[in-house]
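**Q** Can you read through this structure? Questions will come right after.
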Amino acid sequence: MSDSDRQYIRAAGIYDPDVGGMDGTVLEFSDGTVCAVRDDVPQNGELVFDTEGYVLPGLVDAHSHASIRPGEGDQIAQMRADPAEQAVRAAHNLRADLDAGVTTMRLMAAERYIDVTLARLEREGELDAPRLLPSGVHLTPTGGHGKALTATDGPEQVRDRVRTNYDRGAHHSKYFATGGVSSDAGGLDTPNYTREEVETIVAESHRLGLHVATHAHGGPGATQAIDCGVDTIEHAATLGPAAIDALDGGDQFVVGTFSILMNPEGIEKGDADSHAIMENVRDARETVRETWTSLVDRDIPLALGTDSMHGNLYEEMQLLREFGASTDQAIRAATSDAARAAHIDHRAGTLTRGKSADVVVVADDPHETFETLADPVAVFKRGVRQ
Ligand SMILES: [Zn+2]
């Protein structure tokens, strides 16, 4: 890269989540990649944005689904919907995420490889969306939570599914270790798979260089996942002391998705007619606060996702603070730590040299006014204003 290609964003401060403070005032980038953080714009340098606000790394949503809208109910049926319909809905949803400052998103389940196609369309500039990291078809057994069209049973089938996902372009594997809040298939603590099946998913994914994300709320299902060496535990609404002990001191991440559960516009609105689902919501609301206060207190690696509550990553950060996280920890969970959890920290999550020039500009210093994160002034992805 030559000096003449360089572009600059000047702000009151450039926030480094790993430092937990402002570091420099000018971001220098070229061809969508960060060159340096500095304190001046060179003469004749191309200043593309000049603001009295503050610059943060673009936000990373570590857990979402492109086409789902929880407030409309029956999320499993939404995954079965016609692919064209899902694509159009995804385009609207992902635009809202981008406007909220999300420039990278790890996707967590899809049928017919819709997520892989959306990720390609984003890369080709055809779709206004965060950079998408697809899972391909998620793994869940016959009768398991999350089953929309595809059930995958037994060690042979799970191995085949991981290989096929890899071949189609999946960035990671996603399997359902326990039941979920938004269906009545299995309890929040019950294992979906045998140990042999889980060991096969983890071994085959790791052999291919894919990390493993696991939908797991608590009990033996979560403990089995942790023991078998999964990389991220998703949701964890009912994680008990034994599971938290097993995580302590390790590098497995727990990914919080709170607003789908806590916000009245989430599952509560979409599935009000289902007695079983509303019972799950009430139970999980009681335990999530206790679980997450303990996870924060024990310093377990944490990240955040919206789980399809498009545009709501700010609310996830705010809730993590309510559970005891500091402002810096809450921001890390949606930037640098989320990038680590999603295995994209070589490209996203901070604004150091060589990373993608993904930027969210906010009006105030989030240390002073945390609410400023709810309403970005500008968003850049790969150095381009969105
Ligand atoms: Zn999800």
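Naming works like this for the structure tokens: A, B, ... for the chains as they're shown, residue 1 at the start of each chain, ligands 1 onward in shown order.
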Within 9 Å of ligand 1, counting only C-alpha atoms and all ligand atoms: which residues, as a VMD selection string?
**A** chain A and resid 63 to 65 107 to 109 146 215 234 to 235 257 305 to 308
**Q** Give me, as a list in words, the residues of segment 287-385 of chain A that a backbone DSSP run labels strand (DSSP E or B).
**A** Leu302, Ala303, Leu304, Ser356, Val359, Val360, Val361, Val362, Ala378, Val379, Phe380, Lys381, Val384 and Arg385 of chain A
**Q** Atom CA of Glu197 of chain A and atom CA of Pro220 of chain A, how far apart in Å?
**A** 14.8 Å
**Q** So which one's closest to Asp283 of chain A, A:Asn312, A:Thr238, A:Thr327, A:Thr178? Using only C-alpha atoms, please.
**A**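 Nearest candidate to Asp283 of chain A out of A:Asn312, A:Thr238, A:Thr327, A:Thr178: A:Thr238.
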**Q** Set the distance at 12 Å and use only C-alpha atoms: which residues neighbour Asn93 of chain A once local chain neighbours fewer than 2 positions away are removed? I'd like the list as a ChimeraX atom specification.
**A** /A:64-70,86-91,95-100,102,127-130,306-312
**Q** Please determine, counting only C-alpha atoms, which residue among A:Thr152, A:Thr33, A:Thr335, A:Gln7 has the shortest atom-to-atom distance to Val48 of chain A.
**A**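 So, comparing all the options, the nearest one is A:Gln7.
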**Q** Residues of segment 60-82 of chain A that have any atom at most 12 Å from an atom of segment 343-352 of chain A: could you tabulate them with the shortest-distance atom pair and the distance in Å to one decimal, using only C-alpha atoms, ordered by chain and increasing number, as CSV?
**A**
residue,atom,partner,partner_atom,distance
A:Val60,CA,A:Gly349,CA,6.7
A:Asp61,CA,A:Gly349,CA,10.3
A:Ala62,CA,A:His343,CA,9.8
**Q** Pull C-alpha atoms from the residues just selected and write them as a JSON list (two decimals), in the first residue's frame.
**A**
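So part.json came out as:
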[["chain", "number", "residue", "atom", "x", "y", "z"],
["A", 60, "VAL", "CA", -19.37, -8.11, 16.49],
["A", 61, "ASP", "CA", -22.65, -9.96, 17.07],
["A", 62, "ALA", "CA", -21.47, -13.41, 18.13]]
**Q** Which residues come within 10 Å of Thr223 of chain A, counting only C-alpha atoms, excluding same-chain residues fewer than 5 positions away, as a PDB file with N, CA, C and O atoms, in the first residue's frame?
**A**
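What landed in selection-v9.pdb:
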ATOM      1  N   ALA A 177     -27.207 -28.712  22.038  1.00  0.00           N
ATOM      2  CA  ALA A 177     -26.887 -29.645  23.120  1.00  0.00           C
ATOM      3  C   ALA A 177     -28.068 -29.889  24.050  1.00  0.00           C
ATOM      4  O   ALA A 177     -28.137 -30.922  24.710  1.00  0.00           O
ATOM      5  N   ASP A 189     -32.217 -28.483  30.271  1.00  0.00           N
ATOM      6  CA  ASP A 189     -31.043 -29.157  30.844  1.00  0.00           C
ATOM      7  C   ASP A 189     -30.763 -30.522  30.204  1.00  0.00           C
ATOM      8  O   ASP A 189     -29.727 -31.131  30.453  1.00  0.00           O
ATOM      9  N   PRO A 191     -29.707 -33.485  27.735  1.00  0.00           N
ATOM     10  CA  PRO A 191     -28.830 -33.623  26.554  1.00  0.00           C
ATOM     11  C   PRO A 191     -29.615 -34.094  25.335  1.00  0.00           C
ATOM     12  O   PRO A 191     -30.456 -34.981  25.437  1.00  0.00           O
ATOM     13  N   ALA A 216     -26.731 -24.361  24.428  1.00  0.00           N
ATOM     14  CA  ALA A 216     -26.813 -25.123  25.682  1.00  0.00           C
ATOM     15  C   ALA A 216     -27.275 -24.201  26.800  1.00  0.00           C
ATOM     16  O   ALA A 216     -26.691 -23.143  27.021  1.00  0.00           O
ATOM     17  N   HIS A 217     -28.319 -24.608  27.501  1.00  0.00           N
ATOM     18  CA  HIS A 217     -28.785 -23.776  28.613  1.00  0.00           C
ATOM     19  C   HIS A 217     -28.169 -24.193  29.941  1.00  0.00           C
ATOM     20  O   HIS A 217     -27.661 -23.360  30.689  1.00  0.00           O
ATOM     21  N   GLY A 218     -28.191 -25.495  30.249  1.00  0.00           N
ATOM     22  CA  GLY A 218     -27.627 -25.899  31.541  1.00  0.00           C
ATOM     23  C   GLY A 218     -27.668 -27.387  31.756  1.00  0.00           C
ATOM     24  O   GLY A 218     -27.848 -28.162  30.802  1.00  0.00           O
ATOM     25  N   CYS A 228     -16.709 -32.197  26.484  1.00  0.00           N
ATOM     26  CA  CYS A 228     -16.292 -32.687  25.166  1.00  0.00           C
ATOM     27  C   CYS A 228     -15.464 -31.652  24.402  1.00  0.00           C
ATOM     28  O   CYS A 228     -15.034 -31.917  23.280  1.00  0.00           O
ATOM     29  N   LEU A 239     -27.209 -22.293  33.553  1.00  0.00           N
ATOM     30  CA  LEU A 239     -25.936 -22.936  33.897  1.00  0.00           C
ATOM     31  C   LEU A 239     -25.760 -22.975  35.421  1.00  0.00           C
ATOM     32  O   LEU A 239     -25.817 -21.944  36.075  1.00  0.00           O
ATOM     33  N   GLY A 240     -25.535 -24.149  35.956  1.00  0.00           N
ATOM     34  CA  GLY A 240     -25.388 -24.265  37.407  1.00  0.00           C
ATOM     35  C   GLY A 240     -23.933 -24.184  37.845  1.00  0.00           C
ATOM     36  O   GLY A 240     -23.031 -24.059  37.020  1.00  0.00           O
ATOM     37  N   ALA A 242     -21.811 -26.404  38.875  1.00  0.00           N
ATOM     38  CA  ALA A 242     -20.871 -27.420  38.368  1.00  0.00           C
ATOM     39  C   ALA A 242     -20.345 -27.028  36.991  1.00  0.00           C
ATOM     40  O   ALA A 242     -19.135 -27.132  36.717  1.00  0.00           O
ATOM     41  N   ALA A 243     -21.237 -26.553  36.129  1.00  0.00           N
ATOM     42  CA  ALA A 243     -20.816 -26.148  34.781  1.00  0.00           C
ATOM     43  C   ALA A 243     -19.912 -24.915  34.862  1.00  0.00           C
ATOM     44  O   ALA A 243     -18.922 -24.814  34.134  1.00  0.00           O
ATOM     45  N   ILE A 244     -20.250 -23.987  35.750  1.00  0.00           N
ATOM     46  CA  ILE A 244     -19.441 -22.769  35.868  1.00  0.00           C
ATOM     47  C   ILE A 244     -18.050 -23.127  36.408  1.00  0.00           C
ATOM     48  O   ILE A 244     -17.037 -22.604  35.932  1.00  0.00           O
ATOM     49  N   ALA A 246     -16.552 -25.916  35.819  1.00  0.00           N
ATOM     50  CA  ALA A 246     -15.846 -26.571  34.706  1.00  0.00           C
ATOM     51  C   ALA A 246     -15.282 -25.539  33.724  1.00  0.00           C
ATOM     52  O   ALA A 246     -14.277 -25.796  33.064  1.00  0.00           O
ATOM     53  N   LEU A 247     -15.933 -24.372  33.634  1.00  0.00           N
ATOM     54  CA  LEU A 247     -15.467 -23.326  32.707  1.00  0.00           C
ATOM     55  C   LEU A 247     -14.351 -22.474  33.302  1.00  0.00           C
ATOM     56  O   LEU A 247     -13.570 -21.863  32.569  1.00  0.00           O
TER      57      LEU A 247
END
**Q** Taking 2 positions as the minimum chain separation for residues in the same chain, which residues sit within 12 Å of Val281 of chain A when counting only C-alpha atoms? Answer as an mmCIF file with N, CA and C atoms, in the first residue's frame.
**A**
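out.cif was written with the following content:
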data_model
loop_
_atom_site.group_PDB
_atom_site.id
_atom_site.type_symbol
_atom_site.label_atom_id
_atom_site.label_comp_id
_atom_site.auth_asym_id
_atom_site.auth_seq_id
_atom_site.Cartn_x
_atom_site.Cartn_y
_atom_site.Cartn_z
ATOM 1 N N GLY A 180 -34.594 -25.770 24.132
ATOM 2 C CA GLY A 180 -34.514 -24.315 24.103
ATOM 3 C C GLY A 180 -35.779 -23.672 24.638
ATOM 4 N N VAL A 181 -35.686 -22.349 24.830
ATOM 5 C CA VAL A 181 -36.823 -21.602 25.369
ATOM 6 C C VAL A 181 -37.948 -21.527 24.335
ATOM 7 N N SER A 182 -37.566 -21.381 23.057
ATOM 8 C CA SER A 182 -38.574 -21.070 22.043
ATOM 9 C C SER A 182 -39.193 -22.304 21.387
ATOM 10 N N SER A 183 -39.084 -23.480 22.013
ATOM 11 C CA SER A 183 -39.862 -24.636 21.547
ATOM 12 C C SER A 183 -40.148 -25.511 22.755
ATOM 13 N N ASP A 184 -41.023 -26.515 22.567
ATOM 14 C CA ASP A 184 -41.281 -27.412 23.687
ATOM 15 C C ASP A 184 -40.586 -28.762 23.471
ATOM 16 N N LEU A 188 -34.538 -27.594 29.203
ATOM 17 C CA LEU A 188 -33.370 -26.724 29.037
ATOM 18 C C LEU A 188 -32.085 -27.394 29.526
ATOM 19 N N ALA A 237 -28.725 -20.014 29.964
ATOM 20 C CA ALA A 237 -29.670 -19.361 30.875
ATOM 21 C C ALA A 237 -29.762 -20.066 32.224
ATOM 22 N N THR A 238 -29.436 -21.369 32.261
ATOM 23 C CA THR A 238 -29.629 -22.118 33.509
ATOM 24 C C THR A 238 -28.346 -22.843 33.942
ATOM 25 N N PHE A 258 -29.535 -12.055 25.704
ATOM 26 C CA PHE A 258 -30.510 -11.747 26.760
ATOM 27 C C PHE A 258 -31.809 -11.145 26.253
ATOM 28 N N SER A 259 -31.714 -10.264 25.246
ATOM 29 C CA SER A 259 -32.901 -9.447 24.943
ATOM 30 C C SER A 259 -34.041 -10.291 24.372
ATOM 31 N N ILE A 260 -33.713 -11.384 23.685
ATOM 32 C CA ILE A 260 -34.775 -12.256 23.144
ATOM 33 C C ILE A 260 -35.654 -12.785 24.284
ATOM 34 N N LEU A 261 -35.042 -12.933 25.442
ATOM 35 C CA LEU A 261 -35.724 -13.473 26.617
ATOM 36 C C LEU A 261 -36.350 -12.366 27.467
ATOM 37 N N MET A 262 -35.629 -11.277 27.645
ATOM 38 C CA MET A 262 -36.039 -10.240 28.591
ATOM 39 C C MET A 262 -36.939 -9.164 27.960
ATOM 40 N N ASN A 263 -36.711 -8.885 26.669
ATOM 41 C CA ASN A 263 -37.436 -7.792 26.031
ATOM 42 C C ASN A 263 -38.850 -8.261 25.654
ATOM 43 N N PRO A 264 -39.881 -7.470 25.986
ATOM 44 C CA PRO A 264 -41.260 -7.867 25.669
ATOM 45 C C PRO A 264 -41.506 -8.032 24.169
ATOM 46 N N GLY A 266 -39.557 -9.732 22.270
ATOM 47 C CA GLY A 266 -38.895 -10.979 21.863
ATOM 48 C C GLY A 266 -39.854 -12.155 21.866
ATOM 49 N N ILE A 267 -39.405 -13.262 22.486
ATOM 50 C CA ILE A 267 -40.221 -14.486 22.507
ATOM 51 C C ILE A 267 -41.586 -14.215 23.129
ATOM 52 N N GLU A 268 -41.596 -13.350 24.146
ATOM 53 C CA GLU A 268 -42.848 -13.061 24.859
ATOM 54 C C GLU A 268 -43.935 -12.587 23.901
ATOM 55 N N LYS A 269 -43.531 -11.753 22.946
ATOM 56 C CA LYS A 269 -44.522 -11.254 21.979
ATOM 57 C C LYS A 269 -44.868 -12.329 20.952
ATOM 58 N N GLY A 270 -43.823 -13.015 20.454
ATOM 59 C CA GLY A 270 -44.040 -13.960 19.356
ATOM 60 C C GLY A 270 -44.782 -15.215 19.757
ATOM 61 N N ASP A 271 -44.558 -15.688 20.982
ATOM 62 C CA ASP A 271 -45.088 -16.999 21.358
ATOM 63 C C ASP A 271 -46.022 -16.940 22.565
ATOM 64 N N ALA A 272 -46.714 -15.804 22.724
ATOM 65 C CA ALA A 272 -47.600 -15.617 23.882
ATOM 66 C C ALA A 272 -48.672 -16.701 23.974
ATOM 67 N N SER A 274 -48.354 -19.892 23.297
ATOM 68 C CA SER A 274 -47.869 -21.222 23.659
ATOM 69 C C SER A 274 -47.581 -21.288 25.156
ATOM 70 N N HIS A 275 -48.362 -22.082 25.851
ATOM 71 C CA HIS A 275 -48.205 -22.212 27.295
ATOM 72 C C HIS A 275 -46.817 -22.745 27.640
ATOM 73 N N ALA A 276 -46.358 -23.787 26.898
ATOM 74 C CA ALA A 276 -45.058 -24.415 27.195
ATOM 75 C C ALA A 276 -43.914 -23.415 27.023
ATOM 76 N N ILE A 277 -43.980 -22.627 25.940
ATOM 77 C CA ILE A 277 -42.898 -21.669 25.676
ATOM 78 C C ILE A 277 -42.910 -20.559 26.718
ATOM 79 N N MET A 278 -44.078 -20.070 27.078
ATOM 80 C CA MET A 278 -44.134 -18.984 28.070
ATOM 81 C C MET A 278 -43.657 -19.459 29.443
ATOM 82 N N GLU A 279 -43.883 -20.738 29.734
ATOM 83 C CA GLU A 279 -43.351 -21.293 30.985
ATOM 84 C C GLU A 279 -41.811 -21.300 30.953
ATOM 85 N N ASP A 283 -39.248 -19.315 33.532
ATOM 86 C CA ASP A 283 -38.187 -20.039 34.246
ATOM 87 C C ASP A 283 -36.815 -19.436 33.925
ATOM 88 N N ALA A 284 -36.577 -19.224 32.636
ATOM 89 C CA ALA A 284 -35.247 -18.768 32.209
ATOM 90 C C ALA A 284 -34.966 -17.350 32.702
ATOM 91 N N ARG A 285 -35.986 -16.502 32.742
ATOM 92 C CA ARG A 285 -35.773 -15.131 33.248
ATOM 93 C C ARG A 285 -35.290 -15.147 34.699
ATOM 94 N N GLU A 286 -35.802 -16.117 35.446
ATOM 95 C CA GLU A 286 -35.394 -16.190 36.857
ATOM 96 C C GLU A 286 -33.935 -16.609 37.005
ATOM 97 N N THR A 287 -33.511 -17.560 36.157
ATOM 98 C CA THR A 287 -32.164 -18.122 36.346
ATOM 99 C C THR A 287 -31.079 -17.359 35.595
ATOM 100 N N VAL A 288 -31.443 -16.654 34.529
ATOM 101 C CA VAL A 288 -30.403 -16.033 33.697
ATOM 102 C C VAL A 288 -29.604 -14.987 34.487
#
**Q** Counting only C-alpha atoms, which of A:Glu46, A:Ile76, A:Lys381, A:Thr194 gets nearest to Glu122 of chain A?
**A** A:Lys381
**Q** Find the spatial neighbours of Asp31 of chain A, counting only C-alpha atoms, within a cut-off of 10 Å - ignore same-chain residues fewer than 2 positions away - and output them as a list in words.
**A**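 Near Asp31 of chain A, the qualifying residues are Met1, Asp5, Arg6, Gln7, Phe29, Thr33, Val34, Cys35, Ser356, Ala357, Arg382, Gly383 and Val384 of chain A.
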**Q** One decimal, Å: what's the distance from atom CA of Leu139 of chain A over to atom CA of Thr190 of chain A, could you say?
**A**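 Separating atom CA of Leu139 of chain A from atom CA of Thr190 of chain A is a distance of 15.8 Å.
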**Q** Under the rule that only C-alpha atoms are counted, which of A:Arg159, A:Pro141, A:Val361, A:Gly169 is the nearest residue to Glu199 of chain A?
**A**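 For Glu199 of chain A, the nearest of the given residues is A:Arg159.
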**Q** Find the residues near Asp40 of chain A: any atom within 12 Å, counting only C-alpha atoms, skip ones fewer than 3 places away on the same chain, and give them as a VMD selection string.
**A** chain A and resid 8 to 13 24 to 28 36 to 37 43 to 47 50
**Q** Using atom CA of Gly101 of chain A and atom CA of Gln75 of chain A as the two end points, give the distance in Å to one decimal.
**A** 24.6 Å
**Q** Report as JSON, numbers by chain: the residues of segment 233-364 of chain A with a DSSP assignment of alpha helix (DSSP H), based on the backbone of this structure.
**A** {"A": [241, 242, 243, 244, 245, 246, 247, 259, 260, 261, 262, 267, 268, 269, 270, 275, 276, 277, 278, 279, 280, 281, 282, 283, 284, 285, 286, 287, 288, 289, 290, 291, 292, 293, 294, 295, 296, 297, 313, 314, 315, 316, 317, 318, 319, 320, 321, 322, 327, 328, 329, 330, 331, 332, 336, 337, 338, 339, 340, 341]}
**Q** Counting only C-alpha atoms, which of A:Lys355, A:His172, A:Arg298, A:His138 gets nearest to Gly249 of chain A?
**A**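 So, comparing all the options, the nearest one is A:Arg298.
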**Q** From the set A:Ala170, A:Ile226, A:Val162, A:Ala341, which residue has the shortest atom-to-atom contact distance to Ser205 of chain A, counting only C-alpha atoms?
**A**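 The shortest atom-to-atom distance to Ser205 of chain A comes from A:Val162.
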